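Structure file data_20.cif (mmCIF, C-alpha atoms) follows.
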data_model
#
loop_
_atom_site.label_atom_id
_atom_site.label_comp_id
_atom_site.auth_asym_id
_atom_site.auth_seq_id
_atom_site.Cartn_x
_atom_site.Cartn_y
_atom_site.Cartn_z
CA MET A 1 46.41 96.68 149.63
CA LYS A 2 48.99 95.77 147.01
CA LEU A 3 52.13 94.14 148.37
CA SER A 4 55.08 96.44 147.78
CA PHE A 5 58.76 96.12 148.53
CA ALA A 6 59.02 99.52 150.23
CA GLY A 7 55.75 99.04 152.11
CA VAL A 8 56.88 95.78 153.70
CA PHE A 9 60.13 97.32 154.93
CA ALA A 10 58.35 100.44 156.22
CA ASP A 11 55.80 98.44 158.20
CA ALA A 12 58.53 96.13 159.50
CA GLY A 13 60.41 99.18 160.79
CA ALA A 14 57.30 100.37 162.63
CA LEU A 15 56.76 96.92 164.12
CA TRP A 16 60.39 96.75 165.26
CA ARG A 17 60.18 100.12 167.00
CA SER A 18 56.94 99.19 168.74
CA GLU A 19 58.33 96.03 170.39
CA ARG A 20 62.12 96.37 170.12
CA MET A 21 62.85 95.55 173.77
CA LEU A 22 60.95 92.25 173.69
CA LEU A 23 62.35 91.47 170.24
CA LEU A 24 65.93 91.92 171.44
CA ARG A 25 65.34 89.61 174.40
CA ILE A 26 63.84 86.91 172.21
CA ALA A 27 66.60 87.34 169.63
CA GLY A 28 69.35 87.13 172.24
CA VAL A 29 68.18 83.79 173.63
CA PHE A 30 66.68 82.03 170.62
CA TYR A 31 68.79 83.39 167.75
CA VAL A 32 72.13 84.81 168.90
CA LEU A 33 73.07 82.03 171.33
CA PRO A 34 72.27 79.17 168.91
CA VAL A 35 74.15 80.93 166.08
CA LEU A 36 77.12 81.48 168.39
CA GLY A 37 77.09 77.80 169.29
CA ILE A 38 77.15 76.76 165.63
CA VAL A 39 79.95 79.26 164.89
CA LEU A 40 82.05 77.81 167.71
CA LEU A 41 81.39 74.28 166.47
CA LEU A 42 82.50 75.31 162.98
CA VAL A 43 85.68 76.89 164.33
CA GLY A 44 86.43 73.82 166.42
CA SER A 45 86.00 71.54 163.40
CA GLY A 46 88.50 73.52 161.33
CA PHE A 47 85.84 74.50 158.81
CA PRO A 48 86.04 76.47 156.56
CA PRO A 49 89.56 78.05 156.74
CA ASP A 50 91.45 74.74 156.93
CA VAL A 51 89.36 72.92 154.31
CA PRO A 52 90.48 72.88 150.64
CA PRO A 53 87.76 74.21 148.25
CA GLU A 54 87.35 70.84 146.52
CA GLN A 55 86.57 69.19 149.88
CA VAL A 56 84.01 71.70 151.15
CA ARG A 57 80.97 69.54 150.33
CA ASP A 58 82.37 66.51 152.12
CA ALA A 59 83.43 68.69 155.06
CA ILE A 60 79.90 70.06 155.42
CA GLY A 61 78.49 66.53 155.42
CA ARG A 62 80.95 65.42 158.11
CA PHE A 63 80.24 68.52 160.17
CA TYR A 64 76.51 67.81 160.18
CA SER A 65 76.92 64.12 160.97
CA ASP A 66 79.40 64.82 163.79
CA ASN A 67 77.26 67.56 165.35
CA LEU A 68 73.74 66.38 164.59
CA LEU A 69 72.36 66.78 168.12
CA PRO A 70 73.58 70.33 168.84
CA ILE A 71 72.51 71.45 165.35
CA LEU A 72 69.07 69.97 166.00
CA PHE A 73 68.76 71.87 169.28
CA ALA A 74 69.93 75.08 167.60
CA ASN A 75 67.28 74.69 164.90
CA LEU A 76 64.59 74.00 167.48
CA ALA A 77 65.60 77.10 169.42
CA SER A 78 65.45 79.30 166.31
CA ASP A 79 62.06 77.82 165.32
CA PHE A 80 60.75 78.57 168.80
CA GLY A 81 62.09 82.12 168.56
CA THR A 82 60.47 82.62 165.16
CA PHE A 83 57.09 81.43 166.46
CA ALA A 84 57.47 83.65 169.54
CA VAL A 85 58.05 86.73 167.37
CA LEU A 86 55.06 85.84 165.19
CA ASN A 87 52.87 85.43 168.28
CA LEU A 88 54.14 88.70 169.72
CA PHE A 89 52.66 90.65 166.80
CA LEU A 90 49.80 88.46 165.60
CA GLN A 91 48.16 87.44 168.87
CA GLY A 92 47.35 90.93 170.10
CA GLY A 93 49.55 93.58 171.66
CA GLY A 94 50.26 94.24 175.30
CA ARG A 95 51.46 90.74 176.21
CA THR A 96 54.43 90.28 178.51
CA LEU A 97 57.43 88.24 177.44
CA GLY A 98 56.34 85.41 179.74
CA GLU A 99 52.85 85.34 178.21
CA VAL A 100 54.27 85.26 174.69
CA LEU A 101 56.63 82.39 175.54
CA MET A 102 53.90 80.34 177.25
CA LEU A 103 51.58 80.84 174.29
CA THR A 104 54.37 79.80 171.96
CA LEU A 105 55.15 76.70 174.01
CA ARG A 106 51.53 75.52 173.99
CA ARG A 107 51.29 75.72 170.19
CA PHE A 108 54.86 74.90 169.25
CA LEU A 109 54.39 71.28 168.16
CA PRO A 110 51.90 72.00 165.33
CA PHE A 111 54.01 74.99 164.29
CA LEU A 112 57.03 72.69 164.07
CA VAL A 113 55.04 70.29 161.87
CA LEU A 114 54.12 73.20 159.61
CA ASP A 115 57.74 74.33 159.42
CA LEU A 116 58.92 70.81 158.55
CA LEU A 117 56.28 70.49 155.82
CA ALA A 118 57.25 73.84 154.33
CA GLY A 119 60.90 72.77 154.43
CA PHE A 120 60.02 69.51 152.68
CA VAL A 121 58.17 71.38 149.90
CA PHE A 122 61.14 73.73 149.49
CA GLY A 123 63.61 70.83 149.40
CA LEU A 124 61.48 69.01 146.83
CA GLY A 125 61.39 72.11 144.65
CA MET A 126 65.14 72.60 144.92
CA SER A 127 65.72 68.98 143.92
CA LEU A 128 63.85 69.63 140.67
CA PHE A 129 65.55 72.94 139.89
CA VAL A 130 66.42 76.18 141.66
CA LEU A 131 63.42 78.20 140.45
CA PRO A 132 60.76 75.68 141.60
CA GLY A 133 62.44 75.64 145.00
CA LEU A 134 62.40 79.43 145.29
CA PHE A 135 58.79 79.49 144.11
CA ALA A 136 57.79 76.91 146.72
CA PHE A 137 59.64 78.86 149.42
CA ALA A 138 57.89 82.13 148.56
CA ARG A 139 54.43 80.54 148.28
CA THR A 140 54.72 78.90 151.73
CA TRP A 141 56.60 81.69 153.55
CA LEU A 142 53.39 83.29 154.86
CA ALA A 143 51.91 80.02 156.12
CA ALA A 144 53.69 80.40 159.48
CA PRO A 145 52.29 83.87 160.26
CA ALA A 146 48.87 82.66 159.06
CA PHE A 147 49.01 79.86 161.61
CA ALA A 148 50.20 82.23 164.36
CA ALA A 149 47.32 84.61 163.60
CA SER A 150 44.63 81.90 163.52
CA PRO A 151 45.89 78.65 165.05
CA GLU A 152 42.35 77.40 165.55
CA ALA A 153 41.93 77.23 161.74
CA GLY A 154 44.55 74.48 161.53
CA LEU A 155 47.62 73.75 159.44
CA ILE A 156 45.85 73.13 156.13
CA GLU A 157 44.15 76.51 156.30
CA ALA A 158 47.46 78.15 157.21
CA PHE A 159 49.04 76.72 154.06
CA ARG A 160 46.01 77.77 152.03
CA GLN A 161 46.25 81.33 153.35
CA GLY A 162 49.99 81.45 152.74
CA TRP A 163 49.55 80.27 149.15
CA ARG A 164 46.67 82.68 148.53
CA ARG A 165 48.45 85.70 149.94
CA SER A 166 51.56 85.10 147.85
CA GLY A 167 49.71 84.83 144.54
CA GLY A 168 50.41 86.84 141.39
CA VAL A 169 53.69 88.72 141.53
CA ALA A 170 53.63 88.84 145.33
CA TRP A 171 55.94 85.82 145.52
CA LEU A 172 58.60 87.76 143.63
CA VAL A 173 58.28 90.64 146.10
CA LEU A 174 58.68 88.19 148.99
CA LEU A 175 61.79 86.70 147.41
CA GLY A 176 63.17 90.20 146.92
CA VAL A 177 62.60 91.06 150.57
CA VAL A 178 64.40 87.92 151.72
CA ALA A 179 67.23 88.33 149.21
CA VAL A 180 67.94 91.94 150.18
CA THR A 181 67.97 91.04 153.88
CA MET A 182 70.25 88.06 153.40
CA LEU A 183 72.64 89.94 151.11
CA GLY A 184 72.85 92.74 153.65
CA THR A 185 73.55 90.18 156.35
CA LEU A 186 76.26 88.51 154.29
CA GLY A 187 77.90 91.87 153.67
CA ALA A 188 77.82 92.71 157.38
CA VAL A 189 79.28 89.31 158.32
CA VAL A 190 82.07 89.66 155.75
CA ALA A 191 82.87 93.18 156.98
CA ALA A 192 82.87 92.12 160.64
CA SER A 193 85.03 89.09 159.88
CA ALA A 194 87.50 91.22 157.90
CA VAL A 195 87.79 93.81 160.67
CA THR A 196 88.22 91.30 163.49
CA GLY A 197 90.58 89.20 161.36
CA THR A 198 92.77 92.23 160.74
CA LEU A 199 92.74 93.14 164.43
CA ALA A 200 93.60 89.57 165.41
CA ALA A 201 96.52 89.57 162.95
CA ILE A 202 97.78 92.87 164.38
CA ALA A 203 97.43 91.50 167.88
CA GLY A 204 99.34 88.35 166.95
CA GLY A 205 96.34 86.01 166.78
CA ASN A 206 94.92 87.17 170.10
CA GLN A 207 92.14 84.79 171.15
CA ILE A 208 90.09 87.55 172.78
CA VAL A 209 89.90 89.46 169.49
CA ALA A 210 88.93 86.26 167.67
CA SER A 211 86.18 85.61 170.23
CA ILE A 212 84.83 89.11 169.70
CA GLY A 213 84.65 88.30 165.99
CA TYR A 214 82.66 85.13 166.64
CA LEU A 215 80.27 87.05 168.88
CA ALA A 216 79.87 89.78 166.24
CA VAL A 217 78.94 87.20 163.60
CA ALA A 218 76.39 85.64 165.99
CA ILE A 219 74.83 89.01 166.80
CA ILE A 220 74.58 89.96 163.12
CA GLY A 221 73.05 86.58 162.29
CA GLY A 222 70.60 86.78 165.19
CA LEU A 223 69.45 90.28 164.32
CA ALA A 224 69.09 89.33 160.66
CA TRP A 225 66.91 86.34 161.54
CA THR A 226 64.80 88.58 163.78
CA ALA A 227 64.47 91.13 160.97
CA LEU A 228 63.35 88.41 158.55
CA THR A 229 60.65 87.27 160.96
CA VAL A 230 59.40 90.83 161.46
CA LEU A 231 59.39 91.26 157.67
CA ARG A 232 57.31 88.10 157.50
CA VAL A 233 54.74 89.66 159.80
CA ALA A 234 54.74 92.88 157.77
CA ALA A 235 54.20 90.96 154.51
CA TYR A 236 51.36 88.99 156.07
CA ARG A 237 49.69 92.19 157.27
CA ALA A 238 50.16 93.86 153.89
CA THR A 239 48.36 91.04 152.07
CA ALA A 240 45.33 91.06 154.38
CA ALA A 241 43.34 93.64 152.38
CA SER A 242 44.10 92.06 149.02
CA THR A 243 42.73 88.69 150.18
CA GLY A 244 39.55 90.18 151.56
CA MET A 245 40.40 89.57 155.19
#
Whole structure, structure tokens version:
Amino acid sequence: MKLSFAGVFADAGALWRSERMLLLRIAGVFYVLPVLGIVLLLVGSGFPPDVPPEQVRDAIGRFYSDNLLPILFANLASDFGTFAVLNLFLQGGGRTLGEVLMLTLRRFLPFLVLDLLAGFVFGLGMSLFVLPGLFAFARTWLAAPAFAASPEAGLIEAFRQGWRRSGGVAWLVLLGVVAVTMLGTLGAVVAASAVTGTLAAIAGGNQIVASIGYLAVAIIGGLAWTALTVLRVAAYRATAASTGM
């Protein structure tokens, strides 16, 4: 099967419909809540509305250094959620939420190592130039679902499978899938922020309206991250035939 942009989105839609109730529960706990926590930390730090444009970089650095522990926990939660979604689809259907979470917990440490290694490769590529970083990201993006599908094969084999499945022009398709999803998310966040900001201004800066805006941003971000993970599964499944598996 040749990896196609439309095919990945179509299969992802079918996967979403098949397990949407479990997906929403996982997303609520492991994506929406951590994103909401980060949003509230950002608001409390005065970033970004109160930060001059020329000081944004320094403000981001201070924000990370001042909130290192909660950011770490938020990242761990989202990594756990990602692995749980991958296990939900790639370890056989019919599992309960409890079974999926227990399976995820037992194999989470090696998955975390894999995620850190992929992040290191991406960071190394970005330090050289943007294109090598994007290339490294696309060529390692399917390593995580490969590990979820066959954890007994180990991390090296997962990276090998991810690299093999994203060969040729497939890496460009993967980048396109991610880019479209993230641009759609950005548009939704901007629209939600504009609407809630307008309502808050009309209401005289009402804190309840502002809180609804923060929650809306967290929900959009959580659903987008869930969608990206489901798209990851769909891309992995679409490349199975082309790799002879």
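Using all atoms listed in the file, the shortest contact distance between Ala149 of chain A and any of A:Asn75, A:Ser127, A:Thr226, A:Gln91 is found at A:Gln91.
Evaluated against the shown file, the PyMOL selection byres ((chain A and resi 2-4) around 7) gives Met1, Phe5, Ala6, Gly7, Val8, Ala170, Val173, Ala238, Thr239 and Ser242 of chain A.
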- Message: Can you spell out as a ChimeraX atom specification the set of residues that the PyMOL selection byres ((chain A and resi 219) around 12) selects in the structure I just provided?
- Response: /A:24,27-37,39,185,188-189,192,212-218,220-226
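Applied to the shown file, the PyMOL selection byres ((chain A and resi 79-82) around 9) selects the residues Ile26, Ala27, Val29, Phe30, Tyr31, Ala74, Asn75, Leu76, Ala77, Ser78, Phe83, Ala84, Val85, Leu86, Asn87, Leu101, Thr104, Leu105, Phe108, Phe111, Leu112, Asp115, Trp225, Thr226 and Thr229 of chain A.
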- Query: With only C-alpha atoms as the atoms that count, which of A:Val43, A:Leu231, A:Ala191, A:Ala240 lies nearest to Asp11 of chain A?
  - Reply: A:Leu231
- Item | Neighbours of point (60.6, 80.5, 147.8) within 10 Å, using all atoms listed in the file, written as a ChimeraX atom specification | /A:118,121-122,125-126,130-141,171-172,174-175,178
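Residues within 6 Å of Ala158 of chain A, counting only C-alpha atoms and excluding same-chain residues fewer than 4 positions away, are A:Ala143, A:Ala146, A:Phe147.
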- Item | Selection: 9 Å around Leu97 of chain A, only C-alpha atoms, excl. self and same-chain fewer than 2 positions, as a ChimeraX atom specification | /A:22,25-26,88,95,99-102
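Proximity ranking of A:Met21, A:Leu42, A:Ala235, A:Ala227 relative to Ser166 of chain A places A:Ala235 first, based on all atoms listed in the file.
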- Query: What gap, in Å, lies between atom CA of Ile60 of chain A and atom CA of Gly197 of chain A?
  - Reply: 22.7 Å
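Using all atoms listed in the file for every distance, the candidate list A:Val209, A:Ala144, A:Leu128, A:Ile71 yields A:Ala144 as the residue closest to Gln161 of chain A.
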